[in-house]
Amino acid sequence: MTSTISEEQQKDPKGSGKAAKWAGWMDQALVRQVIATDPINCGRGKTAAKWGEVSNVLKNLKPQPILHSGESCRQRVKRLVEIYKKAELASLKKTGTDEEFGEFELNMVEIAARWDQCSTDPDIRKLVQQKAMQLEMDGKRVRDDSMQGLVRQWEEGTEASDIVEEETPCSTPAKKKQKNNSVKEVDKVLHELTEGMKRDEEELKEIERKQNEKHEDLMRGILSLAEEIQEQSECRSHDAFLEREAWKDELILILEALRRDHEI
């Protein structure tokens with residue numbers, strides 16, 4: 001059960017003028033709000049405002065507010081990260097259920113990772129990068145193993161289905177269910193691959209169609225230009241022919257005139 005502390009007690013629990021110490025339920029509320037607000041990786045210039053936002057949310061909690069400043073919240077999270085890294089979180093389990101503490105532990109894993117990511121210590125940043133790379137490699141290996149396992153289960157289930165039905169009739173429904181699930185997963189993967197290949201084929205056809213259209217447009221343009229050149233050439237040839245004929249007619253007229261004048 002969560003203990004109840006009045007606002008007066010939080011502000012001045014023993015007349016000392018100091019805020020109340022962080023209790024277990026306060027830590028749980030704090031880390032939940034830090035996950036939601038993320039004042040750790042918010043970027044330079046925004047950190048103080050974000051921690052202030054965390055503090056304001058905690059102060060408005062109902063029915064029990066938590067009266068700590070933004071800097072107090074930041075220092076408490078820093079301390080919780082140190083406790084987490086020392087594997088001493090269990091020492092904080094004074095109140096709350098196992099389920100609540102389990103959520104608290106998961107939140108601390110996330111907060112510790114974020115804290116290390118924004119660390120200015122080069123050794124810590126290098127360690128975080130190595131962990132991220134290892135997680136990515138592990139994830140890829142798990143995905144590959146899962147795919148291989150699905151195919152292997154499907155093959156084994158297909159070959160051994162008759163034997164299982166004869167030797168263990170009582171377990172037949174479970175075996176069939178497992179086999180059916182494996183087959184469905186394999187079918188789903190194959191279906192997605194097939195659909196992807198179909199989409200690729202359609203895209204290739206569309207690209208080929210557009211290329212053919214461009215080629216046809218280019219050929220039509222070339223033919224049209226050739227016809228235009230030919231027409232212009234023929235027109236110029238015809239004009240030259242008419243010009244020559246006109247000169248010939250003019251020469252004939254001159255010769256006739258000279259004959260009449262007995263000049264030749």
# chains A, B, ... in the order shown; residues from 1 in each chain; ligands from 1
>>> residues_around(residues="region 38-53 of chain A", least_positions_apart="5", cutoff="10 Å", atoms="only C-alpha atoms", output="VMD selection string")
chain A and resid 31 to 33 58 to 59 68 to 74 77 111 114 to 119
>>> residues_around(residues="region 79-93 of chain A", least_positions_apart="5", cutoff="9 Å", atoms="only C-alpha atoms", output="ChimeraX atom specification")
/A:23-24,27,74,98,101,105,108-109,111-112,115
>>> write_last_selection(atoms="C-alpha atoms", output="PDB file, in the first residue's frame")
ATOM      1  CA  ALA A  23       9.840   7.174  -0.775  1.00  0.00           C
ATOM      2  CA  GLY A  24       9.414   4.054  -2.893  1.00  0.00           C
ATOM      3  CA  ASP A  27      10.453   6.832  -7.088  1.00  0.00           C
ATOM      4  CA  ARG A  74      17.140  15.122 -11.727  1.00  0.00           C
ATOM      5  CA  ASP A  98       5.610  -7.039  -6.928  1.00  0.00           C
ATOM      6  CA  PHE A 101       8.173  -2.952  -8.588  1.00  0.00           C
ATOM      7  CA  GLU A 105      12.661  -2.136 -12.770  1.00  0.00           C
ATOM      8  CA  MET A 108      14.908   1.905 -14.806  1.00  0.00           C
ATOM      9  CA  VAL A 109      16.411  -0.208 -17.597  1.00  0.00           C
ATOM     10  CA  ILE A 111      16.175   5.362 -18.081  1.00  0.00           C
ATOM     11  CA  ALA A 112      19.692   3.972 -17.509  1.00  0.00           C
ATOM     12  CA  TRP A 115      21.233   8.357 -19.294  1.00  0.00           C
TER      13      TRP A 115
END
>>> select_by_dssp(residues="region 39-85 of chain A", states="alpha helix (DSSP H)", output="PyMOL selection string")
chain A and resi 47-59+70-85
>>> atom_distance(atom1="CA of Asn56 (chain A)", atom2="CA of Met26 (chain A)")
13.8 Å
